[in-house]
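Everything below belongs to entry11.txt, which stores compact mmCIF, C-alpha atoms.
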```txt
# COMPACT_ATOMS: atom_id res chain seq x y z
CA MET K 23 54.26 -165.18 80.84
CA SER K 24 50.85 -166.72 81.57
CA ILE K 25 48.10 -165.11 83.66
CA ASN K 26 45.00 -166.63 85.20
CA ARG K 27 41.39 -165.63 84.62
CA ARG K 28 41.25 -163.32 87.67
CA GLN K 29 44.40 -161.43 86.62
CA ALA K 30 43.13 -161.03 83.06
CA LEU K 31 39.80 -159.65 84.29
CA SER K 32 41.59 -157.17 86.55
CA ARG K 33 43.68 -155.88 83.65
CA ILE K 34 40.64 -155.51 81.40
CA ILE K 35 38.82 -153.52 84.10
CA GLY K 36 41.89 -151.33 84.61
CA ILE K 37 42.22 -150.56 80.89
CA SER K 38 38.50 -149.80 80.59
CA THR K 39 38.60 -147.49 83.59
CA ALA K 40 41.58 -145.58 82.16
CA ALA K 41 39.85 -145.21 78.82
CA ALA K 42 36.69 -143.94 80.50
CA GLY K 43 38.73 -141.44 82.47
CA ALA K 44 40.38 -140.17 79.33
CA THR K 45 36.98 -139.72 77.73
CA LEU K 46 35.65 -137.77 80.70
CA MET K 47 38.63 -135.41 80.82
CA GLY K 48 38.90 -135.04 77.05
CA THR K 49 37.98 -131.38 76.67
CA SER K 50 40.47 -130.20 79.28
CA ALA K 51 43.32 -132.62 78.63
CA PHE K 52 43.26 -132.12 74.87
CA ALA K 53 42.87 -128.34 74.77
CA ALA K 54 42.00 -127.94 71.09
CA THR K 55 39.33 -130.68 70.95
CA ASN K 56 35.75 -130.57 72.21
CA ALA K 57 33.75 -133.40 73.76
CA ASP K 58 32.89 -134.74 70.29
CA GLY K 59 36.51 -134.82 69.19
CA GLN K 60 36.12 -131.79 66.95
CA TYR K 61 38.84 -129.13 66.71
CA GLN K 62 38.33 -125.88 68.62
CA LEU K 63 40.77 -122.99 68.75
CA ALA K 64 42.32 -122.89 72.22
CA LEU K 65 43.16 -119.77 74.19
CA GLY K 66 46.70 -118.70 73.31
CA GLU K 67 46.90 -120.98 70.26
CA LYS K 68 48.49 -119.59 67.09
CA LEU K 69 47.73 -120.72 63.53
CA LYS K 70 50.31 -120.57 60.75
CA TYR K 71 50.07 -117.59 58.45
CA VAL K 72 51.19 -117.79 54.82
CA PRO K 73 51.52 -114.85 52.40
CA LEU K 74 48.28 -113.81 50.74
CA ASP K 75 47.38 -111.62 47.77
CA PRO K 76 46.58 -108.16 49.24
CA MET K 77 44.31 -107.08 46.39
CA ALA K 78 42.36 -110.34 46.28
CA THR K 79 41.81 -110.05 50.04
CA ALA K 80 40.75 -106.40 49.70
CA LYS K 81 38.31 -107.34 46.95
CA LEU K 82 36.75 -110.02 49.13
CA ALA K 83 36.46 -107.54 52.01
CA TYR K 84 34.74 -105.06 49.69
CA GLU K 85 32.30 -107.69 48.47
CA THR K 86 31.51 -109.03 51.95
CA GLY K 87 28.59 -107.66 53.98
CA GLY K 88 27.95 -107.74 57.69
CA GLY K 89 29.74 -104.55 58.72
CA CYS K 90 33.37 -103.44 58.75
CA MET K 91 34.64 -105.83 61.43
CA HIS K 92 33.11 -108.81 59.68
CA GLN K 93 34.40 -107.67 56.29
CA VAL K 94 38.04 -107.58 57.40
CA PHE K 95 37.96 -110.65 59.66
CA HIS K 96 36.01 -112.78 57.19
CA SER K 97 38.13 -111.85 54.19
CA VAL K 98 41.49 -112.74 55.74
CA ILE K 99 40.26 -115.91 57.47
CA THR K 100 38.58 -117.07 54.25
CA MET K 101 41.74 -116.48 52.24
CA LEU K 102 43.79 -118.44 54.78
CA ALA K 103 41.16 -121.22 54.71
CA GLN K 104 41.87 -121.51 50.96
CA SER K 105 45.66 -121.23 51.26
CA ASN K 106 48.51 -123.72 51.59
CA SER K 107 48.90 -123.03 55.32
CA ALA K 108 49.66 -126.08 57.43
CA ASP K 109 46.66 -125.00 59.51
CA VAL K 110 44.26 -124.56 56.59
CA ASP K 111 41.73 -127.00 58.07
CA LYS K 112 41.80 -125.14 61.38
CA PHE K 113 41.15 -121.83 59.66
CA LYS K 114 38.10 -123.42 58.05
CA THR K 115 36.56 -124.05 61.48
CA ILE K 116 36.65 -120.41 62.61
CA PRO K 117 33.11 -118.92 62.59
CA THR K 118 33.70 -115.50 61.06
CA ALA K 119 30.10 -114.47 61.78
CA LEU K 120 31.25 -113.81 65.36
CA ALA K 121 32.76 -110.57 64.07
CA GLY K 122 29.35 -109.20 63.12
CA TYR K 123 29.01 -107.20 66.34
CA GLY K 124 31.77 -104.71 65.50
CA PHE K 125 29.97 -102.52 62.98
CA ALA K 126 29.91 -98.74 63.56
CA GLY K 127 32.18 -98.96 66.57
CA VAL K 128 30.48 -101.95 68.27
CA THR K 129 26.82 -102.13 67.30
CA GLY K 130 26.63 -98.42 66.57
CA GLN K 131 28.29 -97.11 69.74
CA GLY K 132 31.00 -95.23 67.83
CA THR K 133 33.85 -96.70 69.89
CA LEU K 134 36.72 -98.77 68.42
CA CYS K 135 36.42 -98.97 64.64
CA GLY K 136 35.37 -102.44 63.51
CA ASN K 137 38.27 -102.63 61.06
CA LEU K 138 40.72 -102.36 63.96
CA ASN K 139 38.66 -104.62 66.19
CA ALA K 140 38.92 -107.28 63.47
CA ILE K 141 42.67 -106.77 63.07
CA GLY K 142 43.25 -107.22 66.79
CA MET K 143 41.19 -110.42 66.94
CA LEU K 144 42.81 -111.81 63.81
CA VAL K 145 46.48 -110.97 64.32
CA ASN K 146 46.31 -112.29 67.89
CA ILE K 147 45.88 -115.87 66.61
CA LEU K 148 48.52 -115.84 63.86
CA ASP K 149 51.87 -117.64 63.87
CA ASP K 150 54.84 -117.52 61.49
CA ILE K 151 55.01 -113.72 61.50
CA ASN K 152 58.19 -113.74 63.59
CA GLY K 153 56.43 -113.00 66.86
CA GLN K 154 55.49 -109.51 65.67
CA ASN K 155 51.80 -109.70 66.52
CA SER K 156 51.79 -106.65 68.78
CA ALA K 157 53.94 -104.61 66.38
CA ILE K 158 51.57 -105.35 63.49
CA ILE K 159 48.55 -104.32 65.55
CA SER K 160 50.30 -101.11 66.61
CA ASN K 161 51.32 -100.29 63.05
CA THR K 162 47.86 -100.82 61.58
CA PHE K 163 46.28 -98.70 64.32
CA ARG K 164 48.69 -95.82 63.62
CA TYR K 165 48.12 -96.23 59.87
CA TYR K 166 44.37 -95.98 60.38
CA GLU K 167 44.73 -92.85 62.50
CA ASN K 168 47.10 -90.92 60.28
CA THR K 169 46.47 -92.00 56.67
CA THR K 170 44.00 -90.42 54.25
CA LEU K 171 41.47 -93.20 53.71
CA PRO K 172 39.82 -94.95 51.99
CA LEU K 173 42.37 -95.56 49.24
CA SER K 174 41.09 -94.03 46.04
CA THR K 175 43.59 -94.57 43.23
CA PRO K 176 42.10 -95.84 39.96
CA GLU K 177 44.17 -99.03 40.32
CA PHE K 178 42.77 -99.75 43.78
CA VAL K 179 39.19 -98.95 42.81
CA ALA K 180 39.42 -101.28 39.81
CA GLY K 181 41.24 -103.94 41.84
CA ILE K 182 38.44 -104.27 44.40
CA GLY K 183 35.81 -104.37 41.66
CA SER K 184 34.31 -100.95 42.27
CA THR K 185 33.70 -98.21 39.69
CA ALA K 186 34.44 -94.55 39.12
CA GLU K 187 30.69 -93.88 39.34
CA LYS K 188 30.58 -95.24 42.88
CA THR K 189 33.50 -93.00 43.85
CA ALA K 190 31.07 -90.10 43.91
CA LEU K 191 29.26 -91.83 46.77
CA VAL K 192 32.44 -91.86 48.86
CA GLY K 193 32.73 -88.11 49.09
CA SER K 194 36.23 -87.17 50.26
CA SER K 195 38.83 -89.45 51.78
CA SER K 196 39.94 -88.19 55.20
CA LYS K 197 42.12 -88.87 58.24
CA ALA K 198 40.44 -90.41 61.27
CA MET K 199 43.01 -88.97 63.73
CA SER K 200 41.74 -91.56 66.21
CA VAL K 201 41.01 -95.28 66.46
CA LEU K 202 37.40 -94.40 67.24
CA CYS K 203 34.64 -94.87 64.67
CA HIS K 204 33.06 -91.66 65.96
CA SER K 205 36.10 -89.55 65.07
CA SER K 206 36.63 -91.32 61.76
CA ILE K 207 33.05 -90.75 60.61
CA SER K 208 32.93 -87.17 61.94
CA ASN K 209 36.09 -86.14 60.10
CA TRP K 210 34.86 -87.82 56.91
CA SER K 211 31.47 -86.10 57.27
CA ARG K 212 33.14 -82.71 57.73
CA ALA K 213 35.34 -83.26 54.67
CA SER K 214 32.54 -84.64 52.49
CA GLY K 215 29.45 -82.76 53.63
CA LEU K 216 27.69 -86.13 53.97
CA ALA K 217 25.80 -87.70 56.87
CA PHE K 218 26.46 -90.93 58.75
CA ALA K 219 23.55 -92.57 56.93
CA GLN K 220 25.40 -92.01 53.62
CA LYS K 221 28.63 -93.74 54.67
CA GLY K 222 27.98 -97.06 52.86
CA GLU K 223 30.40 -96.97 49.91
CA ARG K 224 32.99 -95.09 51.95
CA CYS K 225 33.05 -97.71 54.68
CA TYR K 226 33.06 -100.64 52.25
CA ARG K 227 36.16 -99.15 50.65
CA LEU K 228 37.68 -98.37 54.05
CA SER K 229 37.44 -102.05 55.02
CA ALA K 230 38.99 -103.03 51.69
CA SER K 231 41.79 -100.51 52.29
CA MET K 232 42.55 -101.86 55.77
CA ALA K 233 42.45 -105.49 54.59
CA TYR K 234 44.87 -104.58 51.80
CA TYR K 235 47.31 -102.83 54.14
CA LEU K 236 47.07 -105.55 56.79
CA VAL K 237 47.95 -108.34 54.34
CA GLU K 238 50.85 -106.32 52.94
CA LEU K 239 52.17 -105.88 56.49
CA LEU K 240 51.66 -109.55 57.41
CA ASN K 241 53.53 -110.60 54.27
CA ARG K 242 56.43 -108.34 55.20
CA ALA K 243 56.51 -109.75 58.74
CA TYR K 244 56.42 -113.31 57.36
CA GLN K 245 59.46 -112.48 55.24
CA GLY K 246 61.36 -111.31 58.31
CA GLU K 247 61.06 -107.52 58.21
CA ASN K 248 61.19 -105.86 61.62
CA ILE K 249 57.77 -104.20 61.76
CA GLY K 250 58.34 -102.81 65.26
CA ALA K 251 61.29 -100.77 63.99
CA LEU K 252 59.16 -98.88 61.46
CA PRO K 253 58.33 -95.26 62.40
CA GLY K 254 54.66 -96.04 61.75
CA SER K 255 54.63 -98.60 64.55
CA LYS K 256 55.26 -95.98 67.20
CA PRO K 257 52.95 -93.36 68.72
CA SER K 258 53.00 -89.94 67.08
CA LEU K 259 55.48 -87.37 68.40
CA GLU K 260 52.59 -85.53 70.05
CA ALA K 261 51.46 -88.69 71.84
CA GLN K 262 55.04 -89.43 72.91
CA ASP K 263 55.26 -85.92 74.38
CA CYS K 264 52.13 -86.63 76.44
CA GLN K 265 53.61 -89.94 77.62
CA THR K 266 56.64 -88.20 79.14
CA CYS K 267 54.40 -86.87 81.92
CA HIS K 268 51.49 -89.31 81.76
CA GLY K 269 53.41 -92.60 81.79
CA SER K 270 52.17 -96.09 82.52
CA THR K 271 54.81 -96.79 85.20
CA GLY K 272 55.34 -93.28 86.54
CA THR K 273 54.13 -89.72 86.13
CA LEU K 274 55.39 -86.17 86.54
CA GLY K 275 54.03 -84.68 89.74
CA SER K 276 50.28 -85.11 90.06
CA ALA K 277 49.75 -86.04 86.41
CA ALA K 278 47.41 -88.99 85.85
CA SER K 279 48.94 -92.28 84.74
CA VAL K 280 47.83 -93.25 81.24
CA LYS K 281 48.27 -96.42 79.15
CA THR K 282 47.61 -95.74 75.50
CA ASP K 283 49.43 -95.21 72.20
CA MET K 284 46.46 -93.61 70.41
CA GLU K 285 46.41 -89.96 69.36
CA CYS K 286 45.88 -87.77 72.42
CA THR K 287 45.25 -84.28 71.07
CA THR K 288 42.30 -85.34 68.90
CA CYS K 289 40.20 -85.28 72.08
CA HIS K 290 42.49 -83.78 74.73
CA THR K 291 43.51 -80.20 74.01
CA GLY K 292 46.55 -80.06 76.24
CA HIS K 293 45.97 -78.82 79.80
CA PHE K 294 43.06 -76.55 78.98
CA ASN K 295 40.11 -78.91 79.50
```

Starting from the file, give its structure as structure tokens.
Amino acid sequence: MSINRRQALSRIIGISTAAAGATLMGTSAFAATNADGQYQLALGEKLKYVPLDPMATAKLAYETGGGCMHQVFHSVITMLAQSNSADVDKFKTIPTALAGYGFAGVTGQGTLCGNLNAIGMLVNILDDINGQNSAIISNTFRYYENTTLPLSTPEFVAGIGSTAEKTALVGSSSKAMSVLCHSSISNWSRASGLAFAQKGERCYRLSASMAYYLVELLNRAYQGENIGALPGSKPSLEAQDCQTCHGSTGTLGSAASVKTDMECTTCHTGHFN
């Protein structure tokens, strides 16, 4: 088919206009690419997890500065950026320094522990863990609340590159009984006779402990284990008792509606306060 000069010019203008339109709408039409064509993680996007070495990740967390949230987030993202994940190049683009704000319960406020803040931010963007993102977050939160931490076996201490001499700086391992940094530090201080200002080695090891447990759990989820079915993924029996009256969809009588799975009685002493 032949076309004349006017028809050819019209087609060229039409193609150019379409191309210009695509360029202008690039950042919204192609959700994971910015205006310069560079990859950016999109809201709701998941990146493919692959099994990691728990001890190597814990060691990296122990060696990493920047506070507990940064230690956990940076260590796992860095390991995935060096893995055989199909999304390895995408993991490399994630700026782990963003997690620096979470230290001491968000810049020293004593609220959500930075280790858990990091786990929530990290697990939320992972794929290939059989859709168990929420179950893994729940399980790690309950583990943090109810486990004597940091881990202190000779094998773990050697594995993260620490020493028996530094163990003396940790004081006593303890149970946080809450997801709050405030409660975690207070219970450790009571058990150890040490002040907040002396928490350094303890908190470095705590981040290593949480990174270790998280990777173990992610590996199990990747292999198909039902994490949500584990007893440790559910609220404690005490918290479940509280939920029978203080539910999220209904309450008993005039009881307040509550949405939480965290330990209740650490702060709330029944109906006497």

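The environment of Val72 in chain K within 7 Å, counting all atoms listed in the file and disregarding residues fewer than 2 places along the same chain, consists of Lys70, Leu74 and Ser107 of chain K.
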
All residues 10 Å or closer to Ala121 in chain K, all atoms listed in the file, same chain fewer than 4 positions away omitted, as a list in words:
Gly88, Gly89, Cys90, Met91, His92, Gln93, Val94, Phe95, His96, Pro117, Phe125, Val128, Gly136, Asn139, Ala140 and Met143 of chain K

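Coordinates place CA of Leu191 in chain K at a distance of 20.5 Å from CA of Cys135 in chain K.
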
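The shortest atom-to-atom distance to Arg224 in chain K, with only C-alpha atoms taken into account, belongs to K:Ser196 out of K:Thr79, K:Asn161, K:Ser196, K:Gln245.
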
For CA of Val179 in chain K and CA of Asp75 in chain K, the interatomic separation in Å (one decimal):
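Distance reported for this atom pair: 15.9 Å.
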
Counting all atoms listed in the file, write as a count of residues only all protein and nucleic acid residues lying at most 12 Å from (47.0, -120.2, 48.7) in the file's frame.
20

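CA of Leu82 in chain K sits 17.0 Å away from CA of Ile116 in chain K.
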
Between K:Ala233, K:Ala186, K:Ala213, K:Leu252, which residue has the minimum interatomic distance to Val145 in chain K, considering only C-alpha atoms?
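Ranking K:Ala233, K:Ala186, K:Ala213, K:Leu252 by distance to Val145 in chain K, first place goes to K:Ala233.
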
Mind listing whatever residues come within 9 Å of the point (32.0, -98.1, 55.9)? Use only C-alpha atoms, file coordinates, and give them as a list in words.
Gly89, Cys90, Phe125, Ala126, Ile207, Lys221, Gly222, Glu223, Arg224, Cys225, Tyr226, Arg227, Leu228 and Ser229 of chain K

Selection: 7 Å around Gly142 in chain K, all atoms listed in the file, excl. self and same-chain fewer than 4 positions, as a PyMOL selection string
chain K and resi 138+146+159

Of K:Phe178, K:Asn168, K:Thr162, K:Asn152, the one sitting nearest Val237 in chain K when using only C-alpha atoms is K:Thr162

Between K:Leu148, K:Met77, K:Cys267, K:Ala251, which one has atoms that come closest to Met232 in chain K, using all atoms listed in the file?
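Among K:Leu148, K:Met77, K:Cys267, K:Ala251, it is K:Met77 that comes nearest to Met232 in chain K.
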